[in-house]
Each structure stands twice: as structure tokens, then as C-alpha cells.
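All remarks here apply to the structure that follows.
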Amino acid sequence: MGLTQLPAFEATSSIDSAVDALAAGHLCAIPTETVYGLAADACNANAIARVFAAKGRPTSHPLIVHIAHTSQLHRWIHDLPEWAIMLTTALWPGPLTIVGRRTPIVLDAVTGGQDTVAVRVPNHPMTLELLSKLEARGVLGLVAPSANNFGGVSPTTAEHVIDDLGTYLAQHHDVVLDGGACTVGVESTIVLATQDQPIVLRPGAITQADIERITGVQVLTTSEKAPRVSGSLASHYAPAAQVILTTVADLQDATFSKNSGFIALDSIATPEGVTRLANPKNPAEFAAQLYAALRQADEQQLTKVYVVAPLGSGIEQAIADRLRRAAHESTMTT
Ligand code: TXA
Ligand code: MG
């Protein structure tokens, strides 16, 4: 508890106040199935500038445009390969972002000047209603980066958003729309769709196997010319506590410093002397609870968090990717 307390920013569940705020060029944090986003009208350069300022994000890191329906995609991206159309038809609304060639309505502020733009239809009932109502008022899409400070842990509740950005947002102008806890918990899978084979730029709940099954096209696993992705920086998604990736075998003879936290599947016993931060029963629950658990570590002023990540080729890949970045590649050395 700090000594000085600003009045807390208050979230709302009123979709209409979110519509009004965004149509007036203000900011609104929106719930999605993955993480909360900090949204602004994708065609309003001033509002977009405030999104970058709120997050402390360099303007060279491009944003994702969120739209109401797959049928609107052509407004933002042209010349999509057939396989990408198959993907969006099968998976939207859902945790998939498509990066394709930008149309003239796309602002440089959105893409960081690149000739491609990222677009997705998020799967959250309140945000889908919000996007439809905005469209009727002439707001065709929303940029929405994760609503956290740049480099930090993404928010999966409205409370997380307020913890991070509450002092920046202006009550009575900006809005935090509370849609409950995010169900997926890790950011969308980003797929580059500028060539005849998909390239996964960021792993998420939609896996390489899903993409290949739906499209019948093989995913290219490496690219010499992958565009910049801010989430691909070595250090990202990091709490203040040091994240240490470990294994059940390494836990046997480890000694833990005071103020250590622990995240693992429920089936893995808590070692003596550490604070358990989550008990997910399966990899999907692990993903859904991970960011809240990392935030808990900071709230409880833990200095280290030991994590046993589930192994596998599904959402486990996205979990491992985020944890590697949170850990700055550090591994357990005891
Ligand atoms: O699940 C999500 O995608 C969440 C929710 C709020 O929708 N959003 C999200 O946004 O994760 P953000 O800004 O935190 O991450 C967007 C990622 C960044 O890594 C960015 O570099 C990449 O998308 N990106 C955006 N436009 C791109 C482009 N034209 N080419 C390559 N990467 C792009
Ligand atoms: Mg982010």
C-alpha cells in the first residue's frame, strides 16, 4: 500500500458508454478472449498517438486493427491468399491475427510505416457488440494493443488494466469496459499472409497444426524477412520478479531463496518454502491463469518465480514462448 492514493479509475459494463467514448476519439480498454486491449479509432491519428503514449510504446511497433466481421477484412487488407481467407472464415471471431498488404485507409500510425497491416475479429460478446455499434456510427475498426505498460505482463482482467494504466486514463472521457476474465489468456496467434505459405510470427491458441489442417497448406517455420513484432523482443511479458524456468527433476534438490513463487500444473506438488501462485489443471487453464499469477508475484513482492511449463505442441508453445521472454532466457542454475 502506498501512502498517497489517487482515486481509483472505475471500470464499467456499459457498452454504450464505450461506444460514445471511442466515437468521440477517446480511449477504451476492451475485453477480448485473449487479453484486454487498449482501443482507439483506427482511423484517428490523435487517438492512436495517445495509445502509444499510455503504454510507453515506441511508435515503430505496429498495432492490430480489430474489426466486427470477417466481411470487413477487404477494407484493410488486399490480395489475401486463398489459404488466409479459409483461415479467417474458419476461425473468426477467434484468437487469430492476419498480417496482409494494407489498403489506402490504413494509417502509417497503425503500421509503423510498414506496407502490411495486422487485423483480427476478437471473440468476446461485449466487444463484438461494441464493434458492430461503432461500425454503424462510421468507426470501421479499433487499434488495440494489449492494455499494459510496454514490455510488461498483458492484462487479463479490467482490474489489471486499471493497475497499469489507471493513472494515465481520464475518468469521464476514457473508459475501461469490464467483460470479466479473459478465457484464453495469451495473445492471438499472428500469421503473415503475404505469400503462398503461412508464417507464424507469434504463437497463440491457434496452432501450426490447426492452420495446416484448415488450409491444407504447410506452414513455413523460418523466414529471413519476418517483419518486426514487438512481442518478439527478447525481453517482454516480464513482471518485476525474476522468472526462472525449471523442471520437476531440477526441483528435487533445489534450495529456494526467500520470497519465491511457484507456477506449475496442479499435478506437480509445491516444493517446500515457496508460494504457490496458480493450480491450473491443464495447459489451457495454465495459459488462462499465467499472467494473473505473474502479476500476483509482484503484488506479493516476491523476487523470484519458478515456473514448470507444460510441454506439448498445442497452446503449450505459446506458453513457452511468453515464458522465455518473461525469463529473459534465464534458466535455473542451482
Ligand atoms: O490477442 C491479441 O492480439 C491482443 C488483443 C488485445 O487483441 N493484442 C495484442 O496487441 O497482443 P499487441 O500490440 O500487444 O501485439 C501486437 C503484435 C505486436 O507484436 C506487433 O509487432 C505485431 O502484432 N504486429 C502488428 N502489426 C504488424 C505487422 N504489420 N507486421 C508484423 N507484426 C505486426
Ligand atoms: Mg502486447
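A note on labels: chains of the C-alpha cells are A, B, ... as shown, every chain counts residues from 1, and ligands are counted from 1 in their shown order.
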- Query: Quick one: DSSP strand (DSSP E) residues in segment 170-271 of chain A, as a list in words?
  - Reply: Val175, Val176, Thr189, Ile190, Val191, Leu192, Ile199, Val200, Leu201, Arg202, Gln242, Val243, Ile244, Leu245, Ser260, Gly261, Phe262 and Ile263 of chain A
- Task: Can you pull out every residue within 8 Å of segment 49-59 of chain A, counting only C-alpha atoms, but drop anything in the same chain fewer than 2 positions away, and send it as a PyMOL selection string?
- Result: chain A and resi 27+38-40+45-47+61-62+109+112+147-150+165+168-169
Selection from above, C-alpha atoms, as a CSV table (one decimal), in the first residue's frame, can you write it?
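Below is the file out.csv, written as the result:
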```
chain,number,residue,atom,x,y,z
A,27,LEU,CA,-9.6,5.6,-25.4
A,38,LEU,CA,-6.3,-0.5,-25.2
A,39,ALA,CA,-8.6,0.6,-28.0
A,40,ALA,CA,-8.8,3.7,-30.2
A,45,ALA,CA,-4.2,9.5,-35.6
A,46,ASN,CA,-4.6,11.7,-32.5
A,47,ALA,CA,-6.3,8.9,-30.6
A,61,HIS,CA,5.8,-1.1,-33.1
A,62,PRO,CA,2.7,-1.7,-35.2
A,109,ALA,CA,0.5,5.4,-37.3
A,112,GLY,CA,4.7,2.0,-38.1
A,147,ALA,CA,-3.5,-2.7,-22.3
A,148,ASN,CA,-0.3,-2.9,-20.3
A,149,ASN,CA,2.8,-0.8,-19.9
A,150,PHE,CA,5.2,-1.6,-22.8
A,165,LEU,CA,-2.9,2.5,-17.0
A,168,TYR,CA,-3.0,7.7,-17.4
A,169,LEU,CA,-6.6,7.3,-18.4
```
- Message: At a cut-off of 8 Å and counting only C-alpha atoms and all ligand atoms, what residues surround ligand 1? Please answer as a PyMOL selection string.
- Response: chain A and resi 30-38+61-64+66+95-97+99-100+110-112+114-120+122+144-147+154+186-190+192+201-202+226-232
- Note on the structure: The distance between atom CA of Ala181 of chain A and atom CA of Lys281 of chain A is 17.3 Å
- Item | Polymer residues at most 9 Å from Thr221 of chain A, only C-alpha atoms, same-chain spacing of 6 or more positions, as a ChimeraX atom specification | /A:198-200
How would the residues just chosen look if you wrote them out with N, CA and C atoms as a JSON list (two decimals), in the first residue's frame?
```
[["chain", "number", "residue", "atom", "x", "y", "z"],
["A", 198, "PRO", "N", 1.76, -19.83, -45.11],
["A", 198, "PRO", "CA", 1.67, -19.07, -43.86],
["A", 198, "PRO", "C", 2.99, -19.09, -43.07],
["A", 199, "ILE", "N", 3.27, -17.97, -42.38],
["A", 199, "ILE", "CA", 4.39, -17.92, -41.43],
["A", 199, "ILE", "C", 3.81, -17.46, -40.10],
["A", 200, "VAL", "N", 4.07, -18.20, -39.03],
["A", 200, "VAL", "CA", 3.58, -17.82, -37.71],
["A", 200, "VAL", "C", 4.58, -16.83, -37.10]]
```
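Nearest to Asp164 of chain A of all the residues A:Ile214, A:Leu73, A:Ala29, A:Gln300 is A:Ala29, counting only C-alpha atoms.
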- Item | Contact residues around Val153 of chain A with only C-alpha atoms at 8 Å, ignoring same-chain residues under 2 positions, as a PyMOL selection string | chain A and resi 148-149+151+155+236-239+291+294-295
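We find atom CA of Gly113 of chain A and atom CA of Ser60 of chain A to be spaced 7.7 Å apart.
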- Item | Which of segment 48-268 of chain A DSSP labels alpha helix (DSSP H), written as a VMD selection string | chain A and resid 48 to 55 82 to 91 108 to 111 125 to 136 158 to 165 208 to 215 248 to 251
Generate a file of the selected residues that holds C-alpha atoms, formatted as a PDB file, in the first residue's frame.
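Contents of result07.pdb, as written:
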```pdb
ATOM      1  CA  ILE A  48      -3.699   6.387 -31.771  1.00  0.00           C
ATOM      2  CA  ALA A  49      -0.918   8.684 -30.528  1.00  0.00           C
ATOM      3  CA  ARG A  50      -2.486   8.546 -27.056  1.00  0.00           C
ATOM      4  CA  VAL A  51      -2.464   4.727 -27.167  1.00  0.00           C
ATOM      5  CA  PHE A  52       1.307   4.737 -27.742  1.00  0.00           C
ATOM      6  CA  ALA A  53       1.774   7.367 -25.015  1.00  0.00           C
ATOM      7  CA  ALA A  54      -0.375   5.464 -22.489  1.00  0.00           C
ATOM      8  CA  LYS A  55       1.669   2.289 -22.955  1.00  0.00           C
ATOM      9  CA  GLU A  82      -6.881 -18.159 -50.636  1.00  0.00           C
ATOM     10  CA  TRP A  83      -5.486 -20.064 -47.620  1.00  0.00           C
ATOM     11  CA  ALA A  84      -5.744 -16.937 -45.467  1.00  0.00           C
ATOM     12  CA  ILE A  85      -9.382 -16.439 -46.431  1.00  0.00           C
ATOM     13  CA  MET A  86     -10.010 -20.067 -45.423  1.00  0.00           C
ATOM     14  CA  LEU A  87      -8.389 -19.382 -42.044  1.00  0.00           C
ATOM     15  CA  THR A  88     -10.414 -16.274 -41.280  1.00  0.00           C
ATOM     16  CA  THR A  89     -13.634 -17.964 -42.391  1.00  0.00           C
ATOM     17  CA  ALA A  90     -12.961 -20.939 -40.125  1.00  0.00           C
ATOM     18  CA  LEU A  91     -11.526 -19.169 -37.083  1.00  0.00           C
ATOM     19  CA  ASP A 108       1.006   4.928 -41.060  1.00  0.00           C
ATOM     20  CA  ALA A 109       0.470   5.420 -37.326  1.00  0.00           C
ATOM     21  CA  VAL A 110      -1.087   1.919 -37.209  1.00  0.00           C
ATOM     22  CA  THR A 111       1.604   0.071 -39.153  1.00  0.00           C
ATOM     23  CA  PRO A 125     -19.612 -10.851 -26.941  1.00  0.00           C
ATOM     24  CA  MET A 126     -19.340  -7.323 -25.459  1.00  0.00           C
ATOM     25  CA  THR A 127     -16.550  -6.279 -27.795  1.00  0.00           C
ATOM     26  CA  LEU A 128     -18.321  -7.742 -30.829  1.00  0.00           C
ATOM     27  CA  GLU A 129     -21.407  -5.709 -29.934  1.00  0.00           C
ATOM     28  CA  LEU A 130     -19.202  -2.646 -29.385  1.00  0.00           C
ATOM     29  CA  LEU A 131     -17.523  -3.087 -32.785  1.00  0.00           C
ATOM     30  CA  SER A 132     -20.884  -3.500 -34.570  1.00  0.00           C
ATOM     31  CA  LYS A 133     -22.359  -0.410 -32.912  1.00  0.00           C
ATOM     32  CA  LEU A 134     -19.255   1.606 -33.763  1.00  0.00           C
ATOM     33  CA  GLU A 135     -19.421   0.499 -37.369  1.00  0.00           C
ATOM     34  CA  ALA A 136     -22.966   1.852 -37.550  1.00  0.00           C
ATOM     35  CA  ALA A 158     -10.219  -4.993 -16.078  1.00  0.00           C
ATOM     36  CA  GLU A 159      -8.510  -4.607 -12.710  1.00  0.00           C
ATOM     37  CA  HIS A 160      -5.110  -5.409 -14.283  1.00  0.00           C
ATOM     38  CA  VAL A 161      -5.741  -2.649 -16.855  1.00  0.00           C
ATOM     39  CA  ILE A 162      -6.528  -0.119 -14.139  1.00  0.00           C
ATOM     40  CA  ASP A 163      -3.449  -1.189 -12.139  1.00  0.00           C
ATOM     41  CA  ASP A 164      -1.257  -0.465 -15.183  1.00  0.00           C
ATOM     42  CA  LEU A 165      -2.923   2.463 -16.952  1.00  0.00           C
ATOM     43  CA  GLN A 208       0.530 -24.613 -36.596  1.00  0.00           C
ATOM     44  CA  ALA A 209      -1.369 -27.924 -36.764  1.00  0.00           C
ATOM     45  CA  ASP A 210      -4.712 -26.035 -36.751  1.00  0.00           C
ATOM     46  CA  ILE A 211      -3.516 -23.820 -39.614  1.00  0.00           C
ATOM     47  CA  GLU A 212      -2.300 -26.754 -41.690  1.00  0.00           C
ATOM     48  CA  ARG A 213      -5.471 -28.779 -41.045  1.00  0.00           C
ATOM     49  CA  ILE A 214      -7.764 -25.907 -42.036  1.00  0.00           C
ATOM     50  CA  THR A 215      -5.834 -24.682 -45.084  1.00  0.00           C
ATOM     51  CA  VAL A 248      10.271 -31.280 -11.995  1.00  0.00           C
ATOM     52  CA  ALA A 249      13.656 -33.060 -11.969  1.00  0.00           C
ATOM     53  CA  ASP A 250      15.523 -29.850 -11.089  1.00  0.00           C
ATOM     54  CA  LEU A 251      13.083 -29.137  -8.253  1.00  0.00           C
TER      55      LEU A 251
END
```
- Using only C-alpha atoms and all ligand atoms, which of A:Thr207, A:Gly273, A:Gly152, A:Gly180 sits nearest ligand 2? A:Gly152
